[in-house]
$ cat my_file.cif   # mmCIF, C-alpha atoms
data_run
#
loop_
_atom_site.group_PDB
_atom_site.id
_atom_site.type_symbol
_atom_site.label_atom_id
_atom_site.label_comp_id
_atom_site.auth_asym_id
_atom_site.auth_seq_id
_atom_site.Cartn_x
_atom_site.Cartn_y
_atom_site.Cartn_z
ATOM 1 C CA MET A 1 -122.940 -196.441 -134.936
ATOM 2 C CA ASP A 2 -122.851 -200.073 -133.918
ATOM 3 C CA ASP A 3 -123.231 -201.533 -137.429
ATOM 4 C CA CYS A 4 -121.030 -199.057 -139.356
ATOM 5 C CA ILE A 5 -117.935 -200.760 -140.779
ATOM 6 C CA PHE A 6 -115.998 -197.471 -140.855
ATOM 7 C CA CYS A 7 -116.835 -196.780 -137.199
ATOM 8 C CA LYS A 8 -115.480 -200.246 -136.415
ATOM 9 C CA ILE A 9 -112.287 -199.404 -138.314
ATOM 10 C CA ILE A 10 -111.985 -196.127 -136.377
ATOM 11 C CA ASP A 11 -112.443 -198.037 -133.096
ATOM 12 C CA GLY A 12 -109.812 -200.616 -134.094
ATOM 13 C CA ILE A 13 -112.308 -203.491 -134.108
ATOM 14 C CA ILE A 14 -111.591 -204.057 -137.807
ATOM 15 C CA PRO A 15 -107.933 -203.662 -138.807
ATOM 16 C CA SER A 16 -106.835 -201.317 -141.577
ATOM 17 C CA LYS A 17 -103.645 -200.185 -143.257
ATOM 18 C CA LYS A 18 -103.523 -196.612 -141.984
ATOM 19 C CA ALA A 19 -102.164 -193.812 -144.122
ATOM 20 C CA TYR A 20 -102.973 -190.953 -141.701
ATOM 21 C CA GLU A 21 -104.659 -190.387 -138.362
ATOM 22 C CA ASP A 22 -105.337 -187.485 -136.048
ATOM 23 C CA ASP A 23 -108.082 -186.626 -133.553
ATOM 24 C CA GLN A 24 -110.596 -185.801 -136.318
ATOM 25 C CA LEU A 25 -109.770 -188.057 -139.267
ATOM 26 C CA LEU A 26 -108.566 -191.495 -140.243
ATOM 27 C CA ALA A 27 -107.213 -192.327 -143.693
ATOM 28 C CA PHE A 28 -106.588 -195.904 -144.748
ATOM 29 C CA HIS A 29 -105.893 -197.892 -147.901
ATOM 30 C CA ASP A 30 -109.027 -199.289 -149.555
ATOM 31 C CA ILE A 31 -109.092 -203.100 -149.565
ATOM 32 C CA ALA A 32 -111.012 -203.006 -152.871
ATOM 33 C CA ALA A 33 -108.682 -200.513 -154.551
ATOM 34 C CA GLN A 34 -109.764 -199.105 -157.904
ATOM 35 C CA ALA A 35 -106.353 -197.549 -158.601
ATOM 36 C CA PRO A 36 -102.742 -198.236 -157.604
ATOM 37 C CA VAL A 37 -103.242 -195.643 -154.849
ATOM 38 C CA HIS A 38 -106.711 -195.701 -153.285
ATOM 39 C CA VAL A 39 -107.081 -194.211 -149.832
ATOM 40 C CA LEU A 40 -110.296 -193.469 -147.952
ATOM 41 C CA ILE A 41 -110.319 -190.361 -145.768
ATOM 42 C CA ILE A 42 -113.048 -190.499 -143.141
ATOM 43 C CA PRO A 43 -114.104 -188.298 -140.250
ATOM 44 C CA LYS A 44 -114.116 -189.978 -136.862
ATOM 45 C CA LYS A 45 -117.446 -188.284 -136.231
ATOM 46 C CA HIS A 46 -120.139 -190.483 -137.773
ATOM 47 C CA MET A 47 -122.311 -188.859 -140.414
ATOM 48 C CA GLU A 48 -123.868 -190.743 -143.285
ATOM 49 C CA SER A 49 -123.054 -188.467 -146.222
ATOM 50 C CA VAL A 50 -122.398 -184.937 -147.415
ATOM 51 C CA LEU A 51 -126.116 -184.330 -146.902
ATOM 52 C CA GLU A 52 -125.525 -184.317 -143.134
ATOM 53 C CA LEU A 53 -122.790 -181.670 -143.244
ATOM 54 C CA SER A 54 -123.620 -178.456 -141.420
ATOM 55 C CA PRO A 55 -121.822 -175.091 -141.245
ATOM 56 C CA GLU A 56 -120.136 -176.392 -138.084
ATOM 57 C CA ASP A 57 -118.454 -179.060 -140.249
ATOM 58 C CA ASP A 58 -116.817 -176.583 -142.640
ATOM 59 C CA ALA A 59 -113.441 -176.797 -140.884
ATOM 60 C CA LEU A 60 -113.617 -180.611 -140.853
ATOM 61 C CA LEU A 61 -114.320 -180.710 -144.578
ATOM 62 C CA GLY A 62 -111.436 -178.309 -145.241
ATOM 63 C CA HIS A 63 -109.209 -180.511 -143.100
ATOM 64 C CA MET A 64 -110.171 -183.533 -145.213
ATOM 65 C CA PHE A 65 -108.938 -181.717 -148.319
ATOM 66 C CA ARG A 66 -105.689 -180.685 -146.605
ATOM 67 C CA VAL A 67 -105.072 -184.301 -145.583
ATOM 68 C CA ALA A 68 -105.765 -185.393 -149.178
ATOM 69 C CA GLN A 69 -103.203 -182.842 -150.341
ATOM 70 C CA GLN A 70 -100.639 -184.145 -147.836
ATOM 71 C CA LEU A 71 -101.283 -187.788 -148.750
ATOM 72 C CA ALA A 72 -101.019 -187.045 -152.475
ATOM 73 C CA GLN A 73 -97.544 -185.696 -151.754
ATOM 74 C CA GLU A 74 -96.544 -188.591 -149.475
ATOM 75 C CA LEU A 75 -97.905 -191.267 -151.836
ATOM 76 C CA ASN A 76 -96.161 -189.754 -154.868
ATOM 77 C CA ILE A 77 -99.263 -188.998 -156.929
ATOM 78 C CA LYS A 78 -99.206 -185.196 -156.635
ATOM 79 C CA ASP A 79 -97.237 -184.489 -159.792
ATOM 80 C CA ASP A 80 -99.136 -186.768 -162.197
ATOM 81 C CA GLY A 81 -102.558 -185.993 -160.724
ATOM 82 C CA PHE A 82 -105.230 -187.766 -158.748
ATOM 83 C CA ARG A 83 -108.973 -187.891 -158.200
ATOM 84 C CA LEU A 84 -110.992 -186.994 -155.102
ATOM 85 C CA VAL A 85 -114.512 -188.430 -154.905
ATOM 86 C CA PHE A 86 -117.446 -188.266 -152.507
ATOM 87 C CA ASN A 87 -120.195 -190.753 -153.401
ATOM 88 C CA THR A 88 -123.631 -189.897 -152.007
ATOM 89 C CA GLY A 89 -126.618 -192.230 -151.837
ATOM 90 C CA ASN A 90 -127.394 -195.362 -153.805
ATOM 91 C CA ASP A 91 -127.420 -193.759 -157.257
ATOM 92 C CA GLY A 92 -124.188 -191.933 -156.389
ATOM 93 C CA GLY A 93 -122.486 -195.254 -155.693
ATOM 94 C CA GLN A 94 -122.187 -194.902 -151.917
ATOM 95 C CA THR A 95 -121.834 -198.385 -150.415
ATOM 96 C CA VAL A 96 -120.811 -197.462 -146.850
ATOM 97 C CA MET A 97 -123.108 -194.981 -145.151
ATOM 98 C CA HIS A 98 -120.346 -193.039 -143.412
ATOM 99 C CA LEU A 99 -119.031 -189.885 -145.060
ATOM 100 C CA HIS A 100 -115.761 -190.607 -146.848
ATOM 101 C CA MET A 101 -113.515 -189.150 -149.505
ATOM 102 C CA HIS A 102 -111.720 -191.382 -152.004
ATOM 103 C CA LEU A 103 -108.188 -190.334 -152.955
ATOM 104 C CA MET A 104 -107.197 -192.250 -156.091
ATOM 105 C CA GLY A 105 -104.121 -192.000 -158.276
ATOM 106 C CA GLY A 106 -101.235 -193.817 -159.839
ATOM 107 C CA ARG A 107 -102.967 -194.233 -163.196
ATOM 108 C CA ALA A 108 -104.886 -192.116 -165.706
ATOM 109 C CA MET A 109 -108.534 -191.659 -164.695
ATOM 110 C CA GLY A 110 -111.155 -191.926 -167.422
ATOM 111 C CA TRP A 111 -114.191 -189.723 -167.902
ATOM 112 C CA PRO A 112 -117.056 -190.176 -167.459
ATOM 113 C CA PRO A 113 -116.298 -192.244 -164.367
ATOM 114 C CA GLY A 114 -119.150 -194.714 -164.715
#
$ encode --input "my_file.cif" --output "C-alpha cells"
Amino acid sequence: MDDCIFCKIIDGIIPSKKAYEDDQLLAFHDIAAQAPVHVLIIPKKHMESVLELSPEDDALLGHMFRVAQQLAQELNIKDDGFRLVFNTGNDGGQTVMHLHMHLMGGRAMGWPPG
C-alpha cells in the first residue's frame, strides 16, 4: 500500500532499527516504546488486521509466534516474561492499519492493560 507506514519501512523508504528479517517478516524496535523492550513483528504481505487472516495465513501467523519466541530469547526477556499483543480496529487501539504483533518486556506488565 502506498500510504502504509509499515510498508514503507519494509521497502526501506523509512529507516528502522531491525531486530529480525526474513522473506516473510520484519521485526523492528518501536520508536514509541511502551516498555524497555518493544519490538513490532510485521508480515511483509500487507493486510490490515487479524480480520483479514485466512487459512492460508496460518503458517505465517505461526511463524510470527516463533520469531517472537526467538526474539524474547535474544533480547533477554524470556526468563522474566513478556507480553504479545495484536491490536485490532480503533477501539482495540490499532493505530497503523497493517497487521503487527507487539513484543514487550523488560518490566512488569499491569492488568488490565488500559
$ closest_residue --input "my_file.cif" --among "A:Ala68, A:Ile31, A:Ala108, A:Leu51" --to "Leu84 (chain A)" --atoms "all atoms listed in the file"
A:Ala68
$ resolve_selection --input "my_file.cif" --expression "the PyMOL selection byres ((chain A and resi 61) around 12)" --output "ChimeraX atom specification"
/A:24-25,41-43,45,49-50,52-60,62-68,86,99-101
$ atom_distance --input "my_file.cif" --atom1 "CA of Leu75 (chain A)" --atom2 "CA of Ala32 (chain A)"
17.6 Å
$ closest_residue --input "my_file.cif" --among "A:Phe6, A:Asp23, A:His29, A:Arg107" --to "Leu71 (chain A)" --atoms "only C-alpha atoms"
A:His29
$ resolve_selection --input "my_file.cif" --expression "the PyMOL selection byres ((chain A and resi 38) around 8)" --output "ChimeraX atom specification"
/A:29-30,33-37,39-40,102-105
$ atom_distance --input "my_file.cif" --atom1 "CA of Gln94 (chain A)" --atom2 "CA of Cys4 (chain A)"
13.3 Å
$ closest_residue --input "my_file.cif" --among "A:Gly106, A:His98, A:Ile5, A:Gly92" --to "Asp80 (chain A)" --atoms "all atoms listed in the file"
A:Gly106
$ closest_residue --input "my_file.cif" --among "A:Gly93, A:Pro15, A:Gly81, A:Gly110" --to "Phe28 (chain A)" --atoms "only C-alpha atoms"
A:Pro15
$ resolve_selection --input "my_file.cif" --expression "the PyMOL selection byres ((chain A and resi 11) around 12)" --output "PyMOL selection string"
chain A and resi 1-2+4-10+12-16+26+44-46
$ axis_aligned_box --input "my_file.cif" --around "region 30-48 of chain A" --padding-each-side "4 Å" --output "lines of an AutoDock Vina configuration file"
center_x = -113.3
center_y = -195.7
center_z = -147.4
size_x = 29.1
size_y = 22.8
size_z = 30.4
$ atom_distance --input "my_file.cif" --atom1 "CA of Asp22 (chain A)" --atom2 "CA of Gly89 (chain A)"
26.9 Å
$ decode --input "my_file.cif" --residues "region 74-113 of chain A" --atoms "N, CA and C atoms" --output "PDB file, in the first residue's frame"
ATOM      1  N   GLU A  74      16.715 -13.731  22.446  1.00  0.00           N
ATOM      2  CA  GLU A  74      17.829 -12.862  22.055  1.00  0.00           C
ATOM      3  C   GLU A  74      17.857 -11.542  22.825  1.00  0.00           C
ATOM      4  N   LEU A  75      16.679 -11.024  23.185  1.00  0.00           N
ATOM      5  CA  LEU A  75      16.587  -9.734  23.860  1.00  0.00           C
ATOM      6  C   LEU A  75      16.524  -9.863  25.384  1.00  0.00           C
ATOM      7  N   ASN A  76      16.764 -11.078  25.858  1.00  0.00           N
ATOM      8  CA  ASN A  76      16.887 -11.359  27.293  1.00  0.00           C
ATOM      9  C   ASN A  76      15.634 -11.037  28.103  1.00  0.00           C
ATOM     10  N   ILE A  77      14.467 -11.322  27.539  1.00  0.00           N
ATOM     11  CA  ILE A  77      13.229 -11.132  28.298  1.00  0.00           C
ATOM     12  C   ILE A  77      12.479 -12.451  28.497  1.00  0.00           C
ATOM     13  N   LYS A  78      13.030 -13.535  27.993  1.00  0.00           N
ATOM     14  CA  LYS A  78      12.362 -14.839  28.064  1.00  0.00           C
ATOM     15  C   LYS A  78      12.132 -15.288  29.507  1.00  0.00           C
ATOM     16  N   ASP A  79      13.141 -15.171  30.335  1.00  0.00           N
ATOM     17  CA  ASP A  79      13.045 -15.732  31.680  1.00  0.00           C
ATOM     18  C   ASP A  79      12.085 -14.973  32.590  1.00  0.00           C
ATOM     19  N   ASP A  80      12.057 -13.648  32.495  1.00  0.00           N
ATOM     20  CA  ASP A  80      11.191 -12.848  33.362  1.00  0.00           C
ATOM     21  C   ASP A  80       9.783 -12.699  32.810  1.00  0.00           C
ATOM     22  N   GLY A  81       9.603 -12.953  31.520  1.00  0.00           N
ATOM     23  CA  GLY A  81       8.284 -12.874  30.908  1.00  0.00           C
ATOM     24  C   GLY A  81       8.141 -11.658  30.008  1.00  0.00           C
ATOM     25  N   PHE A  82       7.131 -11.713  29.178  1.00  0.00           N
ATOM     26  CA  PHE A  82       6.888 -10.673  28.188  1.00  0.00           C
ATOM     27  C   PHE A  82       5.424 -10.726  27.776  1.00  0.00           C
ATOM     28  N   ARG A  83       5.019  -9.739  26.999  1.00  0.00           N
ATOM     29  CA  ARG A  83       3.649  -9.668  26.507  1.00  0.00           C
ATOM     30  C   ARG A  83       3.665  -9.616  24.988  1.00  0.00           C
ATOM     31  N   LEU A  84       2.727 -10.358  24.379  1.00  0.00           N
ATOM     32  CA  LEU A  84       2.479 -10.304  22.942  1.00  0.00           C
ATOM     33  C   LEU A  84       1.086  -9.735  22.737  1.00  0.00           C
ATOM     34  N   VAL A  85       0.967  -8.746  21.844  1.00  0.00           N
ATOM     35  CA  VAL A  85      -0.313  -8.059  21.655  1.00  0.00           C
ATOM     36  C   VAL A  85      -0.577  -7.837  20.174  1.00  0.00           C
ATOM     37  N   PHE A  86      -1.808  -8.124  19.760  1.00  0.00           N
ATOM     38  CA  PHE A  86      -2.337  -7.698  18.467  1.00  0.00           C
ATOM     39  C   PHE A  86      -3.474  -6.733  18.766  1.00  0.00           C
ATOM     40  N   ASN A  87      -3.368  -5.488  18.329  1.00  0.00           N
ATOM     41  CA  ASN A  87      -4.467  -4.535  18.448  1.00  0.00           C
ATOM     42  C   ASN A  87      -5.257  -4.589  17.145  1.00  0.00           C
ATOM     43  N   THR A  88      -6.589  -4.535  17.256  1.00  0.00           N
ATOM     44  CA  THR A  88      -7.433  -4.628  16.065  1.00  0.00           C
ATOM     45  C   THR A  88      -8.502  -3.555  16.091  1.00  0.00           C
ATOM     46  N   GLY A  89      -8.494  -2.693  15.094  1.00  0.00           N
ATOM     47  CA  GLY A  89      -9.506  -1.648  14.961  1.00  0.00           C
ATOM     48  C   GLY A  89      -9.296  -0.500  15.930  1.00  0.00           C
ATOM     49  N   ASN A  90     -10.105   0.526  15.756  1.00  0.00           N
ATOM     50  CA  ASN A  90      -9.974   1.740  16.570  1.00  0.00           C
ATOM     51  C   ASN A  90     -10.147   1.473  18.057  1.00  0.00           C
ATOM     52  N   ASP A  91     -11.215   0.766  18.437  1.00  0.00           N
ATOM     53  CA  ASP A  91     -11.446   0.506  19.855  1.00  0.00           C
ATOM     54  C   ASP A  91     -10.407  -0.441  20.434  1.00  0.00           C
ATOM     55  N   GLY A  92      -9.764  -1.241  19.593  1.00  0.00           N
ATOM     56  CA  GLY A  92      -8.706  -2.137  20.044  1.00  0.00           C
ATOM     57  C   GLY A  92      -7.363  -1.448  20.161  1.00  0.00           C
ATOM     58  N   GLY A  93      -7.290  -0.181  19.766  1.00  0.00           N
ATOM     59  CA  GLY A  93      -6.059   0.579  19.886  1.00  0.00           C
ATOM     60  C   GLY A  93      -5.125   0.472  18.695  1.00  0.00           C
ATOM     61  N   GLN A  94      -5.614  -0.053  17.576  1.00  0.00           N
ATOM     62  CA  GLN A  94      -4.757  -0.169  16.391  1.00  0.00           C
ATOM     63  C   GLN A  94      -4.591   1.204  15.752  1.00  0.00           C
ATOM     64  N   THR A  95      -3.330   1.650  15.625  1.00  0.00           N
ATOM     65  CA  THR A  95      -3.067   2.969  15.046  1.00  0.00           C
ATOM     66  C   THR A  95      -2.443   2.879  13.654  1.00  0.00           C
ATOM     67  N   VAL A  96      -1.842   1.743  13.331  1.00  0.00           N
ATOM     68  CA  VAL A  96      -1.314   1.509  11.981  1.00  0.00           C
ATOM     69  C   VAL A  96      -2.081   0.338  11.392  1.00  0.00           C
ATOM     70  N   MET A  97      -2.726   0.563  10.268  1.00  0.00           N
ATOM     71  CA  MET A  97      -3.573  -0.462   9.671  1.00  0.00           C
ATOM     72  C   MET A  97      -2.756  -1.421   8.794  1.00  0.00           C
ATOM     73  N   HIS A  98      -1.843  -2.095   9.463  1.00  0.00           N
ATOM     74  CA  HIS A  98      -1.036  -3.177   8.887  1.00  0.00           C
ATOM     75  C   HIS A  98      -0.858  -4.158  10.032  1.00  0.00           C
ATOM     76  N   LEU A  99      -1.241  -5.392   9.833  1.00  0.00           N
ATOM     77  CA  LEU A  99      -1.152  -6.401  10.884  1.00  0.00           C
ATOM     78  C   LEU A  99       0.220  -6.362  11.542  1.00  0.00           C
ATOM     79  N   HIS A 100       0.249  -6.330  12.868  1.00  0.00           N
ATOM     80  CA  HIS A 100       1.508  -6.361  13.592  1.00  0.00           C
ATOM     81  C   HIS A 100       1.316  -6.897  15.004  1.00  0.00           C
ATOM     82  N   MET A 101       2.362  -7.546  15.475  1.00  0.00           N
ATOM     83  CA  MET A 101       2.396  -8.091  16.824  1.00  0.00           C
ATOM     84  C   MET A 101       3.403  -7.275  17.632  1.00  0.00           C
ATOM     85  N   HIS A 102       2.987  -6.845  18.808  1.00  0.00           N
ATOM     86  CA  HIS A 102       3.891  -6.165  19.740  1.00  0.00           C
ATOM     87  C   HIS A 102       4.529  -7.220  20.640  1.00  0.00           C
ATOM     88  N   LEU A 103       5.833  -7.177  20.774  1.00  0.00           N
ATOM     89  CA  LEU A 103       6.572  -7.971  21.746  1.00  0.00           C
ATOM     90  C   LEU A 103       7.134  -6.972  22.751  1.00  0.00           C
ATOM     91  N   MET A 104       6.653  -7.056  24.000  1.00  0.00           N
ATOM     92  CA  MET A 104       7.057  -6.093  25.020  1.00  0.00           C
ATOM     93  C   MET A 104       7.542  -6.813  26.267  1.00  0.00           C
ATOM     94  N   GLY A 105       8.630  -6.318  26.837  1.00  0.00           N
ATOM     95  CA  GLY A 105       9.165  -6.908  28.052  1.00  0.00           C
ATOM     96  C   GLY A 105      10.190  -5.991  28.687  1.00  0.00           C
ATOM     97  N   GLY A 106      10.825  -6.517  29.712  1.00  0.00           N
ATOM     98  CA  GLY A 106      11.830  -5.736  30.419  1.00  0.00           C
ATOM     99  C   GLY A 106      11.276  -4.999  31.619  1.00  0.00           C
ATOM    100  N   ARG A 107       9.991  -5.172  31.881  1.00  0.00           N
ATOM    101  CA  ARG A 107       9.354  -4.606  33.072  1.00  0.00           C
ATOM    102  C   ARG A 107       8.093  -5.410  33.344  1.00  0.00           C
ATOM    103  N   ALA A 108       7.542  -5.277  34.548  1.00  0.00           N
ATOM    104  CA  ALA A 108       6.287  -5.947  34.879  1.00  0.00           C
ATOM    105  C   ALA A 108       5.147  -5.274  34.106  1.00  0.00           C
ATOM    106  N   MET A 109       4.277  -6.065  33.530  1.00  0.00           N
ATOM    107  CA  MET A 109       3.119  -5.568  32.791  1.00  0.00           C
ATOM    108  C   MET A 109       1.890  -5.589  33.690  1.00  0.00           C
ATOM    109  N   GLY A 110       1.180  -4.492  33.752  1.00  0.00           N
ATOM    110  CA  GLY A 110      -0.024  -4.417  34.570  1.00  0.00           C
ATOM    111  C   GLY A 110      -1.222  -5.038  33.874  1.00  0.00           C
ATOM    112  N   TRP A 111      -2.284  -5.251  34.659  1.00  0.00           N
ATOM    113  CA  TRP A 111      -3.535  -5.742  34.103  1.00  0.00           C
ATOM    114  C   TRP A 111      -4.679  -5.101  34.849  1.00  0.00           C
ATOM    115  N   PRO A 112      -5.712  -4.609  34.234  1.00  0.00           N
ATOM    116  CA  PRO A 112      -5.913  -4.630  32.791  1.00  0.00           C
ATOM    117  C   PRO A 112      -4.978  -3.645  32.078  1.00  0.00           C
ATOM    118  N   PRO A 113      -4.739  -3.901  30.781  1.00  0.00           N
ATOM    119  CA  PRO A 113      -3.753  -3.099  30.070  1.00  0.00           C
ATOM    120  C   PRO A 113      -4.171  -1.675  29.769  1.00  0.00           C
TER     121      PRO A 113
END
